[in-house]
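Undergrad: Below is a structure I'd like to ask you about.
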Amino acid sequence: MFALDGGRAGSSVVPVMAGRGKLIAVVGDEDTVTGFLLGGVGELDKHRRPNFLVVEKDTGLTEIEEAFRGFLNRDDIGIILINQFVAEMIRHAIDAHTKSIPAVLEIPSKEHPYDASKDSILRRAKGMFTAEDLR
């Protein structure tokens, strides 16, 4: 994304997000993570830690929760995408996260359909409105 610096003499096109970009982290099954990696989401930070975790059938809950909390504490991550079935495994950690950044978004997987009633963001949003507001 680019913007002009006001059209003054000698103005130029400058990147709007220069130096302020944040990464997307992904926690999910192999197909989901691979898709995002092929889309260019994968990165390593200066300590060579990846911004993704592939959850397999033998991945422990402790490992998933540690990776999630690690993503929450990284300054370079702005959004965490997590398969909803994985989010259910660590629901207590997701519900405890109340900050807006990084945003935690639950997404479907090929094997597990999305259930809006389980999505923490949608539940919080519904709590902000009365039944009359939704008419």
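In the structure tokens, each chain is lettered A, B, ... as it comes, each chain's residues begin at 1, and ligands are numbered from 1 in order of appearance.
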Tell me which protein, DNA and RNA residues are within 7 Å of A:Gly78, counting only C-alpha atoms, leaving out same-chain ones fewer than 3 positions away, and put them as a list in words.
TA: Lys22, Leu23, Ile24, Ile101, Pro102 and Ala103 of chain A
Undergrad: What's around A:Phe71 at 12 Å? Count only C-alpha atoms, leave out sequence neighbours fewer than 2 positions away in its own chain, and write the answer as a ChimeraX atom specification.
TA: /A:22-27,45,49-53,64-69,73-82,94,97,101-104
Undergrad: Once you have the residues from the selection above, write them out as a PDB file, in the first residue's frame, restricted to C-alpha atoms.
TA:
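Result went into again.pdb, see below:
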ATOM      1  CA  LYS A  22       2.928  -7.371  11.703  1.00  0.00           C
ATOM      2  CA  LEU A  23       2.951 -11.049  10.883  1.00  0.00           C
ATOM      3  CA  ILE A  24       0.138 -13.569  10.769  1.00  0.00           C
ATOM      4  CA  ALA A  25       0.685 -16.690  12.873  1.00  0.00           C
ATOM      5  CA  VAL A  26      -1.067 -19.959  12.013  1.00  0.00           C
ATOM      6  CA  VAL A  27      -1.897 -22.877  14.301  1.00  0.00           C
ATOM      7  CA  ASP A  45      11.946 -14.212  13.869  1.00  0.00           C
ATOM      8  CA  ARG A  49      11.233 -19.194  15.862  1.00  0.00           C
ATOM      9  CA  PRO A  50       8.547 -19.863  13.211  1.00  0.00           C
ATOM     10  CA  ASN A  51       5.187 -18.113  13.153  1.00  0.00           C
ATOM     11  CA  PHE A  52       3.295 -21.364  12.640  1.00  0.00           C
ATOM     12  CA  LEU A  53       2.598 -24.696  14.306  1.00  0.00           C
ATOM     13  CA  ILE A  64      -0.089 -26.261  21.379  1.00  0.00           C
ATOM     14  CA  GLU A  65      -0.715 -24.001  24.350  1.00  0.00           C
ATOM     15  CA  GLU A  66       2.955 -22.986  24.622  1.00  0.00           C
ATOM     16  CA  ALA A  67       3.061 -22.107  20.925  1.00  0.00           C
ATOM     17  CA  PHE A  68      -0.180 -20.103  21.224  1.00  0.00           C
ATOM     18  CA  ARG A  69       1.061 -18.190  24.281  1.00  0.00           C
ATOM     19  CA  ASN A  73       3.785 -12.538  23.492  1.00  0.00           C
ATOM     20  CA  ARG A  74       5.609 -11.780  20.240  1.00  0.00           C
ATOM     21  CA  ASP A  75       5.673  -8.118  19.218  1.00  0.00           C
ATOM     22  CA  ASP A  76       5.851  -8.985  15.520  1.00  0.00           C
ATOM     23  CA  ILE A  77       2.526 -10.893  15.364  1.00  0.00           C
ATOM     24  CA  GLY A  78      -0.726  -9.045  14.728  1.00  0.00           C
ATOM     25  CA  ILE A  79      -3.131 -11.898  13.923  1.00  0.00           C
ATOM     26  CA  ILE A  80      -3.243 -15.522  15.041  1.00  0.00           C
ATOM     27  CA  LEU A  81      -5.262 -17.832  12.808  1.00  0.00           C
ATOM     28  CA  ILE A  82      -6.200 -21.075  14.530  1.00  0.00           C
ATOM     29  CA  ILE A  94      -8.088 -18.331  24.042  1.00  0.00           C
ATOM     30  CA  HIS A  97      -6.821 -13.446  25.861  1.00  0.00           C
ATOM     31  CA  ILE A 101      -3.703  -7.331  19.196  1.00  0.00           C
ATOM     32  CA  PRO A 102      -2.875  -9.941  18.336  1.00  0.00           C
ATOM     33  CA  ALA A 103      -6.364 -10.734  17.132  1.00  0.00           C
ATOM     34  CA  VAL A 104      -7.251 -14.420  17.414  1.00  0.00           C
TER      35      VAL A 104
END
Undergrad: Per DSSP on the backbone, filter stretch 14-66 of chain A down to the residues in strand (DSSP E) and report them as a PyMOL selection string.
TA: chain A and resi 14-15+23-28+52-54
Undergrad: Output all heavy atoms for every residue in the selection just made, as an mmCIF file, in the first residue's frame.
TA:
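File produced: part_36.cif:
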data_model
loop_
_atom_site.group_PDB
_atom_site.id
_atom_site.type_symbol
_atom_site.label_atom_id
_atom_site.label_comp_id
_atom_site.auth_asym_id
_atom_site.auth_seq_id
_atom_site.Cartn_x
_atom_site.Cartn_y
_atom_site.Cartn_z
ATOM 1 N N VAL A 14 5.399 6.921 -1.001
ATOM 2 C CA VAL A 14 6.072 6.274 0.119
ATOM 3 C C VAL A 14 5.218 5.135 0.643
ATOM 4 O O VAL A 14 3.998 5.210 0.606
ATOM 5 C CB VAL A 14 6.353 7.282 1.276
ATOM 6 C CG1 VAL A 14 7.320 8.338 0.840
ATOM 7 C CG2 VAL A 14 5.066 7.913 1.770
ATOM 8 N N PRO A 15 5.837 4.059 1.125
ATOM 9 C CA PRO A 15 5.053 2.971 1.700
ATOM 10 C C PRO A 15 4.380 3.426 2.996
ATOM 11 O O PRO A 15 5.022 4.019 3.851
ATOM 12 C CB PRO A 15 6.065 1.873 1.980
ATOM 13 C CG PRO A 15 7.378 2.350 1.495
ATOM 14 C CD PRO A 15 7.240 3.777 1.070
ATOM 15 N N LEU A 23 3.099 -9.743 11.504
ATOM 16 C CA LEU A 23 2.951 -11.049 10.883
ATOM 17 C C LEU A 23 1.632 -11.704 11.257
ATOM 18 O O LEU A 23 1.017 -11.366 12.261
ATOM 19 C CB LEU A 23 4.087 -11.973 11.328
ATOM 20 C CG LEU A 23 5.504 -11.569 10.978
ATOM 21 C CD1 LEU A 23 6.492 -12.554 11.604
ATOM 22 C CD2 LEU A 23 5.684 -11.503 9.486
ATOM 23 N N ILE A 24 1.252 -12.685 10.467
ATOM 24 C CA ILE A 24 0.138 -13.569 10.769
ATOM 25 C C ILE A 24 0.740 -14.882 11.247
ATOM 26 O O ILE A 24 1.634 -15.426 10.602
ATOM 27 C CB ILE A 24 -0.727 -13.815 9.521
ATOM 28 C CG1 ILE A 24 -1.377 -12.513 9.062
ATOM 29 C CG2 ILE A 24 -1.773 -14.893 9.799
ATOM 30 C CD1 ILE A 24 -2.133 -12.644 7.749
ATOM 31 N N ALA A 25 0.273 -15.377 12.376
ATOM 32 C CA ALA A 25 0.685 -16.690 12.873
ATOM 33 C C ALA A 25 -0.437 -17.675 12.565
ATOM 34 O O ALA A 25 -1.612 -17.301 12.536
ATOM 35 C CB ALA A 25 0.941 -16.643 14.375
ATOM 36 N N VAL A 26 -0.078 -18.930 12.337
ATOM 37 C CA VAL A 26 -1.067 -19.959 12.013
ATOM 38 C C VAL A 26 -0.829 -21.178 12.894
ATOM 39 O O VAL A 26 0.296 -21.659 13.003
ATOM 40 C CB VAL A 26 -0.976 -20.381 10.525
ATOM 41 C CG1 VAL A 26 -2.068 -21.389 10.189
ATOM 42 C CG2 VAL A 26 -1.068 -19.179 9.606
ATOM 43 N N VAL A 27 -1.923 -21.653 13.516
ATOM 44 C CA VAL A 27 -1.897 -22.877 14.301
ATOM 45 C C VAL A 27 -2.999 -23.764 13.739
ATOM 46 O O VAL A 27 -4.170 -23.384 13.767
ATOM 47 C CB VAL A 27 -2.161 -22.607 15.802
ATOM 48 C CG1 VAL A 27 -2.153 -23.916 16.584
ATOM 49 C CG2 VAL A 27 -1.161 -21.614 16.369
ATOM 50 N N GLY A 28 -2.611 -24.905 13.199
ATOM 51 C CA GLY A 28 -3.645 -25.750 12.624
ATOM 52 C C GLY A 28 -3.116 -27.049 12.061
ATOM 53 O O GLY A 28 -1.945 -27.391 12.241
ATOM 54 N N PHE A 52 4.321 -20.369 12.924
ATOM 55 C CA PHE A 52 3.295 -21.364 12.640
ATOM 56 C C PHE A 52 3.563 -22.632 13.447
ATOM 57 O O PHE A 52 4.686 -22.876 13.892
ATOM 58 C CB PHE A 52 3.267 -21.714 11.147
ATOM 59 C CG PHE A 52 4.567 -22.225 10.604
ATOM 60 C CD1 PHE A 52 4.850 -23.582 10.612
ATOM 61 C CD2 PHE A 52 5.510 -21.351 10.094
ATOM 62 C CE1 PHE A 52 6.057 -24.062 10.120
ATOM 63 C CE2 PHE A 52 6.721 -21.819 9.594
ATOM 64 C CZ PHE A 52 6.991 -23.178 9.606
ATOM 65 N N LEU A 53 2.493 -23.397 13.654
ATOM 66 C CA LEU A 53 2.598 -24.696 14.306
ATOM 67 C C LEU A 53 1.656 -25.649 13.596
ATOM 68 O O LEU A 53 0.459 -25.365 13.468
ATOM 69 C CB LEU A 53 2.213 -24.622 15.790
ATOM 70 C CG LEU A 53 2.146 -25.976 16.518
ATOM 71 C CD1 LEU A 53 3.545 -26.578 16.670
ATOM 72 C CD2 LEU A 53 1.462 -25.839 17.861
ATOM 73 N N VAL A 54 2.198 -26.763 13.129
ATOM 74 C CA VAL A 54 1.389 -27.823 12.540
ATOM 75 C C VAL A 54 0.966 -28.753 13.668
ATOM 76 O O VAL A 54 1.813 -29.317 14.363
ATOM 77 C CB VAL A 54 2.169 -28.607 11.459
ATOM 78 C CG1 VAL A 54 1.335 -29.774 10.942
ATOM 79 C CG2 VAL A 54 2.590 -27.689 10.325
#
Undergrad: Between atom CA of A:Ser109 and atom CA of A:Val33, what is the distance in Å, rounded to a tenth?
TA: 10.0 Å
